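K.L.:
Take a look at this one; I'll ask things after.
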Amino acid sequence: MGVPGPFPGSPGRPDAPVLDREEVDRALARLGAEYEAIETSLLALQDHAGRRLLEGAELSGTTKERWAAAERSITVLWSLFDAYTAALETARELRERRRWPSVEELAELTELLHGAGVTVPGAAAEGGGQEGGPARPSERFSLEGLVERMNGLYARSLDVIVAADAVWSALPARIDLLSAELQRTRSLAHSVGVRPGEHPAGDDLERITQELLRLRERVIADPLAFWVSSSTGSSAPGGGRPDTGRYDRAARALEDIRREVAAVLDVRQDAERRLMQLRDVLSRADRTLTEARQARGEVLAKIAASEVPAVSGPSTALHEQLAAAADYRRRAQWHRLSPLLDSLEERAEDELHRARESLTAVTAPLAVRAELRGRLDAYRAKVARHGMAEDPLLTERYDLARRMLWSAPCDLRAAEQAVWRYQQVAAEALVPPQLEGRGES
């Protein structure tokens, strides 16, 4: 078949060569493949989960504006696709009339496939632009021009849908997990007294709670406000990432509070341990003072002519402060409890030391009597080992000292003199005779 001649081009388009039969078939095949790809993409856009979410959400702000524009673009997309479909079907029907199309038919097919022969209404030609503007006249497009226009509308619409879906997929679930963690932290914080109005961390927890509520509401209503477009300049739909700045700040603040609550929990456990130790120290001090008072009565009954110091009672102030510390513990007022415990621990140790010194001072006469008794018995045993247990003078001195030490009340001064005299007589009796003779010569 001869090569067809040129045919008049569309306005503003120079005359183009007429396609031959093979070129027409190849163009129809290419446009048919494009048709299937466009149809598949439009159907996928129609069924996209993000689109369904956008259609059912109560939107605001940037997302509301951009989704309204995207909906108009999608409407225009289908109008352009219908026009594209009709033009392609017309070209196919013309091609299928005969196996070997005439020159006139080839010229008509060339115009249908490459010419600006598709008329599009003004609203569609605007590509889903702003509503309320002046109406534009209809425009004529080639099939390639229609595809280019549809690609642009599709990319802009898909960009809105993909970005909103990405934000909704990323942020609300993370916010919910953080909110659940916040509730656990609040419960633990409340148990250790970290409450709003009573502790700075309690106020911070309340602030983060309100921030997460506001953040979630904003993310649901205006997801595109949390979308950061790609800085690489990529024109691919959905090029960018969710902006997690506010979420990250809330998460960091909550982590700081968790550490503070953990520190308060450690303080509580340490305070409980210190309170137990304080009660034990004061209890030992009280028992020691009770023992000292009992010992003082015993000393006064058994020891004569001895100055026995008075024994004071338990420190009322310390016990009152210990009760105040326990009350601080119940009220979780750790900022007051810690310095009070520091003071109480030192004073409780001093109280125990004072009680022990008092017991030692009170029982000193008994200790002196015990030491004298031991010394007397030791000398008595020594004298017996040397066979002088029946010595009259030693026996007399021993009996005198023993009566004084084992009588009640005991005069310690007189008893000490009696023991000393017994020691002197015993020492003289235990001197060997030969040493006495040498001394006389």
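All residue names refer to the structure tokens as shown: chains lettered A, B, ... in order, residues numbered from 1 in each chain, ligands numbered from 1 in order.
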Counting only C-alpha atoms, what is within 12 Å of Leu405 of chain A, bar same-chain residues fewer than 2 positions away, as a ChimeraX atom specification?
P.N.:
/A:302-304,365-366,368-377,398-403,407-419
K.L.:
Just the residues within 8 Å of Val118 of chain A, please, counting only C-alpha atoms, with nothing from its chain fewer than 6 positions along; format it as a list of chain:residue names.
P.N.:
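Listed by chain and then number, they are A:Ala83, A:Tyr84, A:Ala87, A:Arg140, A:Phe141, A:Ser142, A:Leu143.
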K.L.:
Need to verify the contact set: Leu318 of chain A, 10 Å, only C-alpha atoms, exclusion of same-chain residues closer than 3 positions in sequence. Can you return it as a compact mmCIF listing (two decimals) with N, CA and C atoms, in the first residue's frame?
P.N.:
```
# COMPACT_ATOMS: atom_id res chain seq x y z
N LEU A 282 15.33 3.38 117.87
CA LEU A 282 14.63 3.99 118.99
C LEU A 282 14.07 2.95 119.95
N PRO A 314 12.23 8.00 127.64
CA PRO A 314 12.43 8.07 126.18
C PRO A 314 12.20 9.49 125.68
N SER A 315 12.86 9.82 124.58
CA SER A 315 12.74 11.16 124.00
C SER A 315 11.37 11.33 123.34
N GLN A 321 8.59 13.11 116.13
CA GLN A 321 9.12 13.30 114.79
C GLN A 321 9.07 12.01 113.97
N LEU A 322 9.23 10.86 114.64
CA LEU A 322 9.09 9.59 113.94
C LEU A 322 7.65 9.40 113.46
N ALA A 323 6.69 9.80 114.27
CA ALA A 323 5.29 9.74 113.85
C ALA A 323 5.03 10.68 112.69
N ALA A 324 5.67 11.87 112.73
CA ALA A 324 5.52 12.81 111.60
C ALA A 324 6.12 12.23 110.33
N LEU A 344 16.66 12.61 111.81
CA LEU A 344 16.25 11.60 112.78
C LEU A 344 17.29 10.50 112.94
N ARG A 347 20.06 11.72 115.22
CA ARG A 347 19.59 11.91 116.59
C ARG A 347 19.21 10.59 117.25
N ALA A 348 18.70 9.64 116.47
CA ALA A 348 18.34 8.33 117.04
C ALA A 348 19.59 7.58 117.49
N GLU A 351 20.61 9.07 120.64
CA GLU A 351 19.74 8.63 121.72
C GLU A 351 20.12 7.24 122.20
```
K.L.:
Applying 10 Å and only C-alpha atoms, which residues near Asp256 of chain A remain after dropping the ones on its own chain fewer than 5 positions away? List them as a list in words.
P.N.:
Ala201, Asp204, Ala250, Ala251, Val261 and Ala262 of chain A
K.L.:
Store the residues picked out above in a file with N, CA and C atoms, as a short mmCIF file (atom, residue, chain, number, x, y, z; two decimals), in the first residue's frame.
P.N.:
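Okay, out_36.cif is ready:
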```
data_model
loop_
_atom_site.label_atom_id
_atom_site.label_comp_id
_atom_site.auth_asym_id
_atom_site.auth_seq_id
_atom_site.Cartn_x
_atom_site.Cartn_y
_atom_site.Cartn_z
N ALA A 201 6.00 16.53 88.62
CA ALA A 201 5.84 15.47 87.62
C ALA A 201 4.38 15.11 87.41
N ASP A 204 3.12 17.57 85.01
CA ASP A 204 3.61 17.25 83.66
C ASP A 204 2.83 16.10 83.05
N ALA A 250 6.40 14.51 73.16
CA ALA A 250 5.57 13.95 74.23
C ALA A 250 6.17 12.65 74.75
N ALA A 251 6.69 11.82 73.83
CA ALA A 251 7.29 10.55 74.25
C ALA A 251 8.53 10.79 75.11
N VAL A 261 9.52 9.09 88.25
CA VAL A 261 8.65 8.26 89.08
C VAL A 261 9.43 7.07 89.62
N ALA A 262 10.30 6.48 88.77
CA ALA A 262 11.13 5.37 89.23
C ALA A 262 12.04 5.82 90.36
#
```
K.L.:
Can you list every residue of segment 235-258 of chain A that has an atom at most 9 Å from segment 185-189 of chain A, with its nearest atom pair and the distance in Å to one decimal, using only C-alpha atoms, ordered by chain then number, as a tab-separated table?
P.N.:
```
residue	atom	partner	partner_atom	distance
A:Leu254	CA	A:Thr185	CA	8.4
A:Ile257	CA	A:Thr185	CA	8.3
A:Arg258	CA	A:Thr185	CA	6.5
```
K.L.:
Using atom CA of Leu109 of chain A and atom CA of Ala86 of chain A as the two end points, give the distance in Å to one decimal.
P.N.:
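That distance, rounded to one decimal, is 13.8 Å.
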K.L.:
What is the atom CA of Glu108 of chain A-atom CA of Leu146 of chain A distance in Å, reported with one decimal?
P.N.:
18.6 Å
K.L.:
Could you check which of A:Ala68, A:Ala364, A:Leu430, A:Leu275 is closest to Arg385 of chain A, using only C-alpha atoms?
P.N.:
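With only C-alpha atoms as the atom set, the closest residue is A:Leu430.
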K.L.:
For segment 358-363 of chain A, please output as a PDB file with N, CA and C atoms, in the first residue's frame all residues within 8 Å (counting only C-alpha atoms; exclusion window: fewer than 6 positions along the same chain).
P.N.:
```pdb
ATOM      1  N   THR A 288      16.891  -0.016 126.390  1.00  0.00           N
ATOM      2  CA  THR A 288      18.108   0.211 127.178  1.00  0.00           C
ATOM      3  C   THR A 288      17.825   1.144 128.347  1.00  0.00           C
ATOM      4  N   LEU A 289      17.029   2.187 128.094  1.00  0.00           N
ATOM      5  CA  LEU A 289      16.673   3.104 129.184  1.00  0.00           C
ATOM      6  C   LEU A 289      15.812   2.388 130.228  1.00  0.00           C
ATOM      7  N   GLU A 291      15.970  -0.772 130.916  1.00  0.00           N
ATOM      8  CA  GLU A 291      16.920  -1.621 131.661  1.00  0.00           C
ATOM      9  C   GLU A 291      17.736  -0.785 132.642  1.00  0.00           C
ATOM     10  N   ALA A 292      18.105   0.428 132.220  1.00  0.00           N
ATOM     11  CA  ALA A 292      18.882   1.303 133.103  1.00  0.00           C
ATOM     12  C   ALA A 292      18.064   1.702 134.328  1.00  0.00           C
ATOM     13  N   ARG A 293      16.766   1.999 134.125  1.00  0.00           N
ATOM     14  CA  ARG A 293      15.934   2.364 135.272  1.00  0.00           C
ATOM     15  C   ARG A 293      15.782   1.187 136.229  1.00  0.00           C
ATOM     16  N   ALA A 295      17.946  -1.240 136.576  1.00  0.00           N
ATOM     17  CA  ALA A 295      19.259  -1.438 137.209  1.00  0.00           C
ATOM     18  C   ALA A 295      19.497  -0.401 138.300  1.00  0.00           C
ATOM     19  N   ARG A 296      19.023   0.804 138.099  1.00  0.00           N
ATOM     20  CA  ARG A 296      19.204   1.849 139.111  1.00  0.00           C
ATOM     21  C   ARG A 296      18.476   1.477 140.400  1.00  0.00           C
ATOM     22  N   VAL A 299      20.595  -1.102 142.069  1.00  0.00           N
ATOM     23  CA  VAL A 299      21.802  -0.525 142.657  1.00  0.00           C
ATOM     24  C   VAL A 299      21.464   0.194 143.960  1.00  0.00           C
ATOM     25  N   VAL A 308      24.176   7.312 142.471  1.00  0.00           N
ATOM     26  CA  VAL A 308      23.657   6.669 141.270  1.00  0.00           C
ATOM     27  C   VAL A 308      22.935   7.721 140.431  1.00  0.00           C
ATOM     28  N   PRO A 309      23.378   7.965 139.197  1.00  0.00           N
ATOM     29  CA  PRO A 309      22.742   9.022 138.389  1.00  0.00           C
ATOM     30  C   PRO A 309      21.303   8.668 138.029  1.00  0.00           C
ATOM     31  N   ALA A 310      20.498   9.693 137.861  1.00  0.00           N
ATOM     32  CA  ALA A 310      19.102   9.478 137.453  1.00  0.00           C
ATOM     33  C   ALA A 310      19.045   9.049 135.986  1.00  0.00           C
ATOM     34  N   VAL A 311      17.975   8.331 135.637  1.00  0.00           N
ATOM     35  CA  VAL A 311      17.780   7.844 134.270  1.00  0.00           C
ATOM     36  C   VAL A 311      16.561   8.551 133.677  1.00  0.00           C
TER      37      VAL A 311
END
```
